[in-house]
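Pasting final.txt here (compact mmCIF, C-alpha atoms):
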# COMPACT_ATOMS: atom_id res chain seq x y z
CA PRO A 1 -21.15 -47.60 -8.52
CA ASP A 2 -21.63 -46.84 -4.88
CA ALA A 3 -18.92 -44.73 -3.27
CA PRO A 4 -17.41 -45.28 0.20
CA GLU A 5 -18.26 -43.00 3.08
CA TYR A 6 -16.78 -42.74 6.52
CA ILE A 7 -19.15 -43.44 9.37
CA VAL A 8 -18.24 -42.66 12.97
CA SER A 9 -18.79 -45.25 15.67
CA GLY A 10 -17.25 -44.20 18.93
CA ASN A 11 -13.63 -43.45 18.09
CA GLN A 12 -13.58 -45.74 15.07
CA LEU A 13 -13.95 -45.04 11.37
CA SER A 14 -15.64 -47.57 9.16
CA LEU A 15 -16.65 -47.59 5.51
CA SER A 16 -20.20 -47.81 4.27
CA ALA A 17 -21.73 -46.96 0.94
CA VAL A 18 -23.81 -44.05 -0.26
CA PRO A 19 -25.06 -43.48 -3.80
CA ALA A 20 -22.36 -41.59 -5.69
CA SER A 21 -24.97 -39.71 -7.67
CA GLY A 22 -26.50 -38.08 -4.62
CA ALA A 23 -29.89 -38.28 -6.31
CA GLY A 24 -32.48 -36.15 -4.61
CA ILE A 25 -29.79 -34.36 -2.62
CA VAL A 26 -29.12 -31.24 -4.66
CA HIS A 27 -31.91 -29.43 -6.43
CA ALA A 28 -31.28 -26.66 -8.92
CA ALA A 29 -33.43 -24.09 -10.65
CA SER A 30 -32.37 -21.47 -13.17
CA SER A 31 -33.86 -19.02 -15.64
CA SER A 32 -30.77 -19.33 -17.83
CA THR A 33 -28.37 -22.00 -19.00
CA SER A 34 -26.44 -23.21 -15.99
CA SER A 35 -22.68 -23.25 -15.92
CA ALA A 36 -20.11 -24.46 -13.45
CA GLU A 37 -18.05 -21.84 -11.67
CA LEU A 38 -15.16 -22.41 -9.40
CA PRO A 39 -15.32 -20.13 -6.40
CA GLN A 40 -12.25 -17.96 -6.30
CA HIS A 41 -10.86 -15.30 -4.10
CA LYS A 42 -10.61 -12.02 -5.89
CA GLN A 43 -6.93 -11.21 -6.22
CA THR A 44 -5.50 -7.72 -6.49
CA PRO A 45 -1.84 -8.20 -7.35
CA LEU A 46 0.14 -5.05 -8.10
CA ASP A 47 2.32 -6.83 -10.61
CA PRO A 48 0.42 -7.64 -13.84
CA GLU A 49 1.74 -11.16 -14.12
CA SER A 50 0.27 -12.76 -11.02
CA ALA A 51 1.01 -16.31 -12.05
CA GLN A 52 2.17 -19.46 -10.37
CA HIS A 53 5.27 -21.47 -10.93
CA GLU A 54 6.36 -23.32 -14.01
CA GLN A 55 5.92 -27.06 -13.71
CA PRO A 56 8.55 -29.60 -14.80
CA ALA A 57 8.09 -30.67 -18.40
CA ALA A 58 8.61 -34.34 -19.19
CA VAL A 59 6.29 -37.15 -20.20
CA ASP A 60 7.50 -40.67 -20.93
CA GLY A 61 11.00 -39.40 -21.50
CA ALA A 62 9.92 -36.81 -24.07
CA SER A 63 9.90 -33.11 -23.31
CA LYS A 64 6.79 -31.01 -23.78
CA PRO A 65 6.12 -27.27 -23.67
CA ALA A 66 6.27 -25.89 -20.14
CA TRP A 67 2.97 -24.08 -20.58
CA GLN A 68 1.08 -27.38 -20.83
CA ASP A 69 1.60 -27.99 -17.10
CA TYR A 70 1.13 -24.34 -16.18
CA ASN A 71 -1.72 -23.28 -13.92
CA SER A 72 -2.46 -19.92 -12.33
CA VAL A 73 -5.34 -17.78 -11.13
CA PHE A 74 -5.71 -16.64 -14.74
CA THR A 75 -6.27 -20.15 -16.09
CA ALA A 76 -8.89 -21.19 -13.49
CA ALA A 77 -12.45 -21.20 -14.80
CA LYS A 78 -15.41 -19.09 -13.75
CA ALA A 79 -19.06 -19.11 -14.78
CA GLY A 80 -19.38 -18.56 -18.51
CA MET A 81 -15.97 -20.08 -19.27
CA GLN A 82 -16.99 -23.71 -19.68
CA ASN A 83 -16.37 -23.73 -23.47
CA VAL A 84 -13.10 -21.78 -23.41
CA ASP A 85 -10.07 -23.24 -25.18
CA LYS A 86 -8.12 -23.88 -21.98
CA GLU A 87 -4.92 -24.90 -23.75
CA LYS A 88 -4.88 -21.64 -25.70
CA VAL A 89 -5.46 -19.63 -22.54
CA LYS A 90 -2.69 -21.43 -20.66
CA LYS A 91 -0.22 -20.91 -23.48
CA ILE A 92 -0.95 -17.20 -23.84
CA VAL A 93 -0.89 -16.53 -20.08
CA TYR A 94 2.36 -18.45 -19.68
CA GLU A 95 4.12 -16.78 -22.60
CA MET A 96 3.12 -13.31 -21.42
CA SER A 97 4.09 -13.99 -17.81
CA LYS A 98 7.25 -16.09 -17.92
CA ASP A 99 9.82 -13.27 -18.14
CA SER A 100 8.39 -11.09 -15.38
CA ALA A 101 10.02 -10.49 -12.01
CA HIS A 102 6.82 -11.62 -10.31
CA PHE A 103 6.84 -14.90 -12.23
CA ARG A 104 10.45 -15.60 -11.19
CA ASN A 105 9.61 -14.74 -7.60
CA GLU A 106 6.66 -17.15 -7.69
CA GLN A 107 9.00 -19.84 -8.97
CA ARG A 108 11.37 -19.25 -6.06
CA LYS A 109 8.52 -19.41 -3.55
CA GLN A 110 7.14 -22.57 -5.11
CA ALA A 111 10.55 -24.20 -4.95
CA GLN A 112 10.58 -23.52 -1.21
CA VAL A 113 7.10 -25.00 -0.87
CA ASP A 114 8.11 -28.08 -2.86
CA ALA A 115 11.15 -28.57 -0.64
CA LYS A 116 8.98 -28.30 2.48
CA ILE A 117 6.49 -30.80 1.07
CA ALA A 118 9.32 -33.22 0.32
CA GLN A 119 10.56 -32.91 3.89
CA LEU A 120 7.10 -33.54 5.32
CA LYS A 121 6.55 -36.51 3.03
CA ALA A 122 9.83 -37.96 4.20
CA LYS A 123 8.66 -37.59 7.80
CA VAL A 124 5.40 -39.34 6.97
CA ALA A 125 7.24 -42.18 5.22
CA ALA A 126 9.33 -42.68 8.33
CA LEU A 127 6.35 -42.97 10.68
CA SER A 128 6.06 -46.27 12.48
CA THR A 129 2.90 -48.33 12.68
CA ALA A 130 2.43 -47.24 16.29
CA GLU A 131 2.80 -43.55 15.34
CA LEU A 132 0.26 -43.90 12.52
CA ALA A 133 -2.11 -45.58 14.95
CA GLY A 134 -1.72 -42.60 17.26
CA PHE A 135 -2.56 -40.18 14.46
CA GLN A 136 -5.55 -42.35 13.52
CA LYS A 137 -6.81 -42.19 17.10
CA SER A 138 -6.43 -38.41 17.15
CA CYS A 139 -8.33 -38.09 13.87
CA ASP A 140 -11.10 -40.37 15.14
CA ALA A 141 -11.43 -38.25 18.27
CA LYS A 142 -11.66 -35.06 16.22
CA ILE A 143 -14.31 -36.58 13.94
CA THR A 144 -16.36 -37.67 16.93
CA GLN A 145 -16.06 -34.21 18.45
CA LEU A 146 -17.18 -32.50 15.25
CA GLU A 147 -20.03 -34.93 14.68
CA ALA A 148 -21.37 -33.99 18.12
CA THR A 149 -21.54 -30.34 17.05
CA ARG A 150 -23.29 -30.93 13.72
CA ASP A 151 -26.26 -28.57 13.48
CA LEU A 152 -28.66 -29.09 10.59
CA THR A 153 -31.47 -26.96 12.00
CA LYS A 154 -30.47 -23.73 10.26
CA THR A 155 -31.32 -22.48 6.79
CA TRP A 156 -28.67 -20.30 5.20
CA LEU A 157 -28.55 -18.44 1.92
CA HIS A 158 -25.46 -17.26 0.14
CA VAL A 159 -26.32 -14.62 -2.44
CA ASP A 160 -23.78 -13.88 -5.17
CA MET A 161 -24.46 -11.17 -7.75
CA ASP A 162 -23.67 -12.20 -11.32
CA ALA A 163 -20.68 -10.38 -12.90
CA PHE A 164 -21.67 -7.48 -10.67
CA TYR A 165 -19.49 -4.56 -11.76
CA ALA A 166 -19.84 -5.43 -15.44
CA SER A 167 -23.61 -5.89 -15.12
CA VAL A 168 -23.96 -2.47 -13.46
CA GLU A 169 -22.01 -0.90 -16.32
CA GLU A 170 -24.26 -2.63 -18.86
CA LEU A 171 -27.26 -0.92 -17.31
CA ASP A 172 -25.74 2.45 -18.26
CA GLN A 173 -24.41 1.22 -21.60
CA PRO A 174 -26.77 -1.50 -22.92
CA GLU A 175 -24.78 -1.73 -26.15
CA LEU A 176 -22.02 -3.48 -24.15
CA LYS A 177 -24.20 -6.49 -23.34
CA ASN A 178 -23.33 -8.18 -26.62
CA LYS A 179 -19.69 -7.12 -26.65
CA PRO A 180 -16.77 -8.56 -24.68
CA MET A 181 -16.23 -6.01 -21.90
CA ALA A 182 -14.15 -5.81 -18.74
CA VAL A 183 -14.20 -3.36 -15.86
CA GLY A 184 -10.64 -2.18 -15.34
CA GLY A 185 -7.78 -1.44 -17.70
CA ILE A 186 -4.50 -2.64 -19.15
CA GLY A 187 -3.04 -3.03 -15.66
CA MET A 188 -5.77 -5.10 -14.00
CA ILE A 189 -9.36 -6.25 -14.52
CA CYS A 190 -11.96 -6.18 -11.72
CA THR A 191 -14.44 -8.36 -13.54
CA ALA A 192 -15.58 -9.29 -17.03
CA ASN A 193 -18.98 -9.79 -18.58
CA TYR A 194 -20.07 -13.17 -19.90
CA GLU A 195 -19.23 -12.28 -23.50
CA ALA A 196 -15.61 -11.65 -22.49
CA ARG A 197 -15.45 -14.84 -20.45
CA LYS A 198 -16.01 -16.85 -23.62
CA TYR A 199 -12.44 -15.89 -24.56
CA GLY A 200 -10.95 -16.78 -21.18
CA VAL A 201 -11.01 -13.23 -19.82
CA ARG A 202 -11.74 -13.13 -16.09
CA SER A 203 -11.43 -11.10 -12.91
CA ALA A 204 -7.97 -10.50 -11.40
CA MET A 205 -6.36 -10.82 -14.83
CA PRO A 206 -3.97 -8.17 -16.15
CA GLY A 207 -5.67 -6.25 -18.92
CA PHE A 208 -2.82 -6.70 -21.39
CA ILE A 209 -3.19 -10.49 -21.12
CA ALA A 210 -6.97 -10.16 -21.50
CA ARG A 211 -6.49 -8.04 -24.63
CA LYS A 212 -4.20 -10.72 -26.07
CA LEU A 213 -6.91 -13.33 -25.45
CA CYS A 214 -9.61 -11.07 -26.85
CA PRO A 215 -8.31 -8.25 -29.12
CA GLN A 216 -11.78 -6.66 -29.38
CA LEU A 217 -12.16 -6.40 -25.59
CA VAL A 218 -13.69 -3.12 -24.39
CA PHE A 219 -12.39 -1.64 -21.13
CA VAL A 220 -14.64 0.39 -18.82
CA LYS A 221 -13.18 2.46 -16.00
CA PRO A 222 -14.35 1.29 -12.54
CA ASP A 223 -16.90 3.46 -10.74
CA PHE A 224 -17.16 2.28 -7.15
CA VAL A 225 -19.60 5.00 -6.19
CA LYS A 226 -21.98 3.48 -8.70
CA TYR A 227 -21.30 -0.07 -7.53
CA THR A 228 -21.78 0.85 -3.89
CA ALA A 229 -25.15 2.44 -4.69
CA ALA A 230 -26.26 -0.68 -6.58
CA SER A 231 -25.01 -2.86 -3.73
CA GLU A 232 -27.09 -0.92 -1.22
CA GLN A 233 -30.19 -1.58 -3.34
CA THR A 234 -29.53 -5.32 -3.13
CA ARG A 235 -28.92 -5.10 0.61
CA ALA A 236 -32.29 -3.44 1.12
CA VAL A 237 -33.78 -6.66 -0.27
CA PHE A 238 -31.55 -8.87 1.90
CA ARG A 239 -32.72 -7.07 5.05
CA LEU A 240 -36.29 -8.18 4.36
CA TYR A 241 -35.23 -11.74 5.13
CA ASP A 242 -32.36 -11.26 7.60
CA PRO A 243 -31.87 -7.78 9.10
CA ALA A 244 -28.53 -8.96 10.51
CA PHE A 245 -27.20 -10.44 7.25
CA GLU A 246 -23.44 -10.45 6.74
CA ALA A 247 -21.96 -8.88 3.62
CA GLY A 248 -19.03 -10.77 2.15
CA SER A 249 -18.31 -7.92 -0.27
CA LEU A 250 -20.27 -5.46 -2.38
CA ASP A 251 -21.65 -8.33 -4.46
CA GLU A 252 -22.28 -11.16 -1.99
CA ALA A 253 -24.00 -11.77 1.35
CA TYR A 254 -24.85 -14.50 3.87
CA LEU A 255 -28.39 -14.64 5.22
CA ASP A 256 -29.71 -16.74 8.10
CA ILE A 257 -33.34 -17.18 7.07
CA THR A 258 -34.19 -19.84 9.67
CA ALA A 259 -36.55 -17.56 11.62
CA TYR A 260 -38.08 -16.09 8.45
CA CYS A 261 -38.92 -19.53 7.06
CA LYS A 262 -40.51 -20.62 10.32
CA GLU A 263 -42.50 -17.42 10.72
CA HIS A 264 -43.84 -17.39 7.16
CA GLY A 265 -44.17 -21.14 6.62
CA VAL A 266 -41.91 -21.21 3.56
CA THR A 267 -38.88 -23.22 2.46
CA GLY A 268 -35.39 -22.00 1.80
CA GLU A 269 -35.85 -22.65 -1.91
CA GLN A 270 -38.98 -20.51 -1.97
CA VAL A 271 -37.19 -17.67 -0.21
CA ALA A 272 -34.24 -17.94 -2.61
CA ALA A 273 -36.51 -17.68 -5.65
CA GLU A 274 -38.44 -14.78 -4.14
CA LEU A 275 -35.25 -12.95 -3.18
CA ARG A 276 -33.80 -13.35 -6.67
CA ALA A 277 -36.97 -11.92 -8.21
CA LYS A 278 -36.98 -8.95 -5.82
CA VAL A 279 -33.32 -8.18 -6.47
CA THR A 280 -33.97 -8.14 -10.21
CA ALA A 281 -37.07 -5.96 -9.79
CA ALA A 282 -35.16 -3.47 -7.63
CA THR A 283 -31.91 -3.35 -9.60
CA GLN A 284 -32.43 -4.97 -13.04
CA LEU A 285 -29.51 -7.19 -12.05
CA THR A 286 -29.43 -10.95 -11.46
CA CYS A 287 -27.97 -13.00 -8.65
CA SER A 288 -27.37 -16.66 -7.86
CA VAL A 289 -28.26 -18.23 -4.53
CA GLY A 290 -27.14 -21.26 -2.56
CA VAL A 291 -29.41 -22.79 0.11
CA ALA A 292 -27.85 -25.02 2.77
CA PRO A 293 -27.72 -25.80 6.50
CA ASN A 294 -24.48 -23.82 6.98
CA VAL A 295 -22.73 -20.89 5.36
CA MET A 296 -19.87 -22.83 3.82
CA LEU A 297 -22.16 -25.24 1.99
CA ALA A 298 -24.40 -22.34 0.91
CA LYS A 299 -21.35 -20.57 -0.52
CA VAL A 300 -20.42 -23.61 -2.59
CA ALA A 301 -24.01 -24.17 -3.71
CA SER A 302 -24.42 -20.60 -4.96
CA ASP A 303 -21.81 -21.31 -7.65
CA MET A 304 -23.48 -24.46 -8.93
CA ASN A 305 -26.04 -22.91 -11.24
CA LYS A 306 -24.72 -19.50 -12.28
CA PRO A 307 -25.75 -17.15 -13.66
CA ASN A 308 -29.24 -16.32 -12.39
CA GLY A 309 -29.90 -19.65 -10.72
CA GLN A 310 -30.09 -21.39 -7.38
CA ALA A 311 -29.17 -24.72 -5.81
CA LYS A 312 -29.91 -26.42 -2.52
CA VAL A 313 -28.13 -28.86 -0.24
CA GLU A 314 -30.69 -30.74 1.82
CA ALA A 315 -30.44 -30.46 5.61
CA SER A 316 -29.55 -34.06 6.41
CA ARG A 317 -26.26 -35.74 7.18
CA ASP A 318 -26.58 -38.10 4.23
CA ALA A 319 -27.26 -35.19 1.90
CA VAL A 320 -24.26 -33.23 3.15
CA MET A 321 -22.00 -36.26 2.89
CA ALA A 322 -23.17 -37.01 -0.65
CA PHE A 323 -22.70 -33.36 -1.63
CA VAL A 324 -19.08 -33.14 -0.46
CA HIS A 325 -18.16 -36.67 -1.50
CA ASP A 326 -16.81 -35.78 -4.94
CA LEU A 327 -16.59 -32.03 -4.49
CA PRO A 328 -13.45 -30.58 -6.12
CA ILE A 329 -11.34 -29.11 -3.35
CA ARG A 330 -10.90 -25.80 -5.12
CA LYS A 331 -14.65 -25.20 -4.91
CA VAL A 332 -14.36 -24.76 -1.14
CA ASN A 333 -13.88 -21.08 -0.38
CA ALA A 334 -10.74 -19.98 1.53
CA MET A 335 -9.28 -23.47 1.37
CA CYS A 336 -6.96 -23.00 -1.56
CA GLN A 337 -5.15 -20.71 -3.88
CA ASP A 338 -6.81 -20.22 -7.25
CA GLY A 339 -4.50 -22.75 -8.82
CA GLY A 340 -5.60 -25.39 -6.32
CA CYS A 341 -5.16 -26.09 -2.60
CA LEU A 342 -1.91 -27.87 -1.93
CA PRO A 343 -1.02 -28.62 -5.57
CA PRO A 344 -2.48 -32.00 -6.58
CA PRO A 345 1.00 -33.40 -7.41
CA SER A 346 1.95 -32.71 -3.79
CA VAL A 347 -0.74 -34.63 -1.94
CA ASN A 348 -2.70 -36.34 -4.71
CA SER A 349 -5.96 -35.08 -3.21
CA VAL A 350 -8.21 -33.35 -5.69
CA VAL A 351 -11.55 -33.85 -4.00
CA CYS A 352 -12.83 -33.50 -0.47
CA HIS A 353 -13.34 -37.25 -0.28
CA GLY A 354 -9.62 -37.60 -0.93
CA CYS A 355 -8.93 -35.39 2.08
CA ARG A 356 -11.17 -37.56 4.23
CA CYS A 357 -9.56 -40.79 3.07
CA LYS A 358 -6.11 -39.35 3.66
CA GLY A 359 -6.99 -37.73 6.96
CA VAL A 360 -4.32 -39.55 8.93
CA VAL A 361 -1.57 -38.77 6.43
CA LEU A 362 -2.68 -35.17 6.10
CA SER A 363 -2.71 -34.66 9.84
CA ALA A 364 0.78 -36.08 10.09
CA ASP A 365 1.95 -34.28 6.95
CA LEU A 366 0.66 -30.83 7.82
CA SER A 367 1.03 -30.78 11.60
CA ILE A 368 4.58 -30.56 12.88
CA THR A 369 4.16 -32.11 16.32
CA CYS A 370 0.78 -33.81 16.46
CA ALA A 371 -2.32 -34.75 14.53
CA HIS A 372 -4.57 -32.16 16.14
CA ILE A 373 -6.45 -31.15 13.00
CA SER A 374 -7.63 -27.79 14.29
CA CYS A 375 -3.97 -26.71 14.27
CA THR A 376 -3.75 -27.24 10.52
CA GLY A 377 -5.84 -24.63 8.76
CA HIS A 378 -6.44 -26.37 5.44
CA VAL A 379 -7.72 -29.55 7.06
CA TRP A 380 -9.76 -27.68 9.65
CA TRP A 381 -11.59 -25.72 6.93
CA TRP A 382 -12.60 -28.95 5.29
CA TRP A 383 -13.65 -30.68 8.47
CA TRP A 384 -15.73 -27.62 9.35
CA CYS A 385 -17.61 -27.99 6.07
CA TYR A 386 -17.80 -31.77 6.45
CA ALA A 387 -19.21 -31.67 9.96
CA GLY A 388 -21.71 -28.90 9.32
CA GLY A 389 -20.02 -26.35 11.57
CA ARG A 390 -22.10 -23.61 13.10
CA VAL A 391 -19.53 -20.84 13.17
CA LYS A 392 -20.21 -17.97 10.77
CA LEU A 393 -16.95 -17.40 8.88
Now that the file is in, can you turn its structure into structure tokens?
Amino acid sequence: PDAPEYIVSGNQLSLSAVPASGAGIVHAASSSTSSAELPQHKQTPLDPESAQHEQPAAVDGASKPAWQDYNSVFTAAKAGMQNVDKEKVKKIVYEMSKDSAHFRNEQRKQAQVDAKIAQLKAKVAALSTAELAGFQKSCDAKITQLEATRDLTKTWLHVDMDAFYASVEELDQPELKNKPMAVGGIGMICTANYEARKYGVRSAMPGFIARKLCPQLVFVKPDFVKYTAASEQTRAVFRLYDPAFEAGSLDEAYLDITAYCKEHGVTGEQVAAELRAKVTAATQLTCSVGVAPNVMLAKVASDMNKPNGQAKVEASRDAVMAFVHDLPIRKVNAMCQDGGCLPPPSVNSVVCHGCRCKGVVLSADLSITCAHISCTGHVWWWWWCYAGGRVKL
């Protein structure tokens, strides 16, 4: 069925329909089986058990194991983890984390967050019709302002190396390619190869939990001199297309290829495919690339067809709107913790479309004194993506 979309007319919001499928909007190409990956921030907690709080356990009056409602950075999926037994992973991570000081501290912090959310919800519930109308007007004005700044004339690439540290190690030790391997140790893992990810092992996970998930896991000591050298090889390729590219880390970069495409008469998809081939030729490593009219959308797109693939968001308003319509909120970089943005039970918004539909409530809920969305970071990040912002973040 068609899905609703907000259309701006002056300071008013109205609903129209766009195809939910977004057919013809996103194009993907890959030399390997594609897999969905949720973009995550790399975490470097000092305490091994970097987990989130325990959720209440009750369904229809009957209790259930606490781990069934448990979510943390360690239970969030990455590329190569689509067939993992998620329930098994959650149970093991919970059982190995629940008695730690860090876990108890996370529970205390979450209790404070829950109390704050309850207070804000109470404030929202008490809003009068006139106050809600005021927030609606403020939201409409912000939407109109952002629509006026929409710039779809640029072509951006986000390049993300595939399991970078692990892949570099496999070049030196090819026998590890078919074995579950992680870069790091018992204390913490930097990254894991795709064989290890089949067991639920992932970056930012304590090694002792990873070993419980995968007893045959092989640990390799990190060598950042080696990774930096490999990264510089990839950057030499990036400079061919954008001498002023911005590195997000050793294994990712943002390239503005607008001028290159115009000068050479090529498309962003053609450049992405050529860049991927040159990176592999120079390093024997693979990367995934997102092509889009701004950096945020390119970042999201680069995770759509990993590993060794690419995806494009067309440079039109309809294409952008269709792309973000059902986009899970946790796919948007910097917008949420690895367990989710504001926890879904808190605001009942799991997708970006949910944020848009609840814009008035969110602005009232998250902003103490007014509905000025730019004052509320989480909402501003989304509106920036939604409106096709031009700022390089």
- Kindly give the distance, in Å, that separates CA of Thr283 in chain A and CA of Asn308 in chain A, rounded to a single decimal.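 The value is 13.5 Å.
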- Task: Give the answer as one residue: which of A:Pro307, A:Gly200, A:Pro180, A:Gly134 has the shortest atom-to-atom distance to Ile92 in chain A, using all atoms listed in the file?
- Result: A:Gly200
- Skipping near chain neighbours, those fewer than 3 positions away, what residues fall within 6 Å of range 287-290 of chain A using all atoms listed in the file, listed as a PyMOL selection string? chain A and resi 157-162+298+301-302+306+308-312
- Contacts of Gln233 in chain A within 8 Å, all atoms listed in the file, excl. fewer than 2 positions in-chain, as number ranges by chain: A: 229-231, 235-237, 279, 282-283
- Go ahead and find all residues with at least one atom no further than 6 Å from (-32.5, -21.2, 6.2) in the file's coordinates, using all atoms listed in the file; report them as a list in words. Lys154, Thr155, Trp156, Asp256, Ile257, Thr258 and Gly268 of chain A
- Message: Taking 3 positions as the minimum chain separation for residues in the same chain, which residues sit within 10 Å of Asn193 in chain A when counting only C-alpha atoms? Answer as a PyMOL selection string.
- Response: chain A and resi 80+162-167+169-170+176-183+196-198+201-203
- Expressed in Å to a single decimal, how great is the separation between CA of Asn305 in chain A and CA of Ala79 in chain A?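 Between CA of Asn305 in chain A and CA of Ala79 in chain A the gap is 8.7 Å.
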- Work out how far apart CA of Asp85 in chain A and CA of Cys214 in chain A are and give it in Å to one decimal.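 Separating CA of Asp85 in chain A from CA of Cys214 in chain A is a distance of 12.3 Å.
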- Could you check which of A:Ala292, A:Ala259, A:Ala272, A:Met96 is closest to Ala319 in chain A, using only C-alpha atoms?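 Of all the options, A:Ala292 lies closest to Ala319 in chain A.
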- Have a look at A:Tyr194, A:Pro65, A:Lys123, A:Leu240 and name the one nearest to Gln82 in chain A; count all atoms listed in the file.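 Selected residue with least distance to Gln82 in chain A: A:Tyr194.
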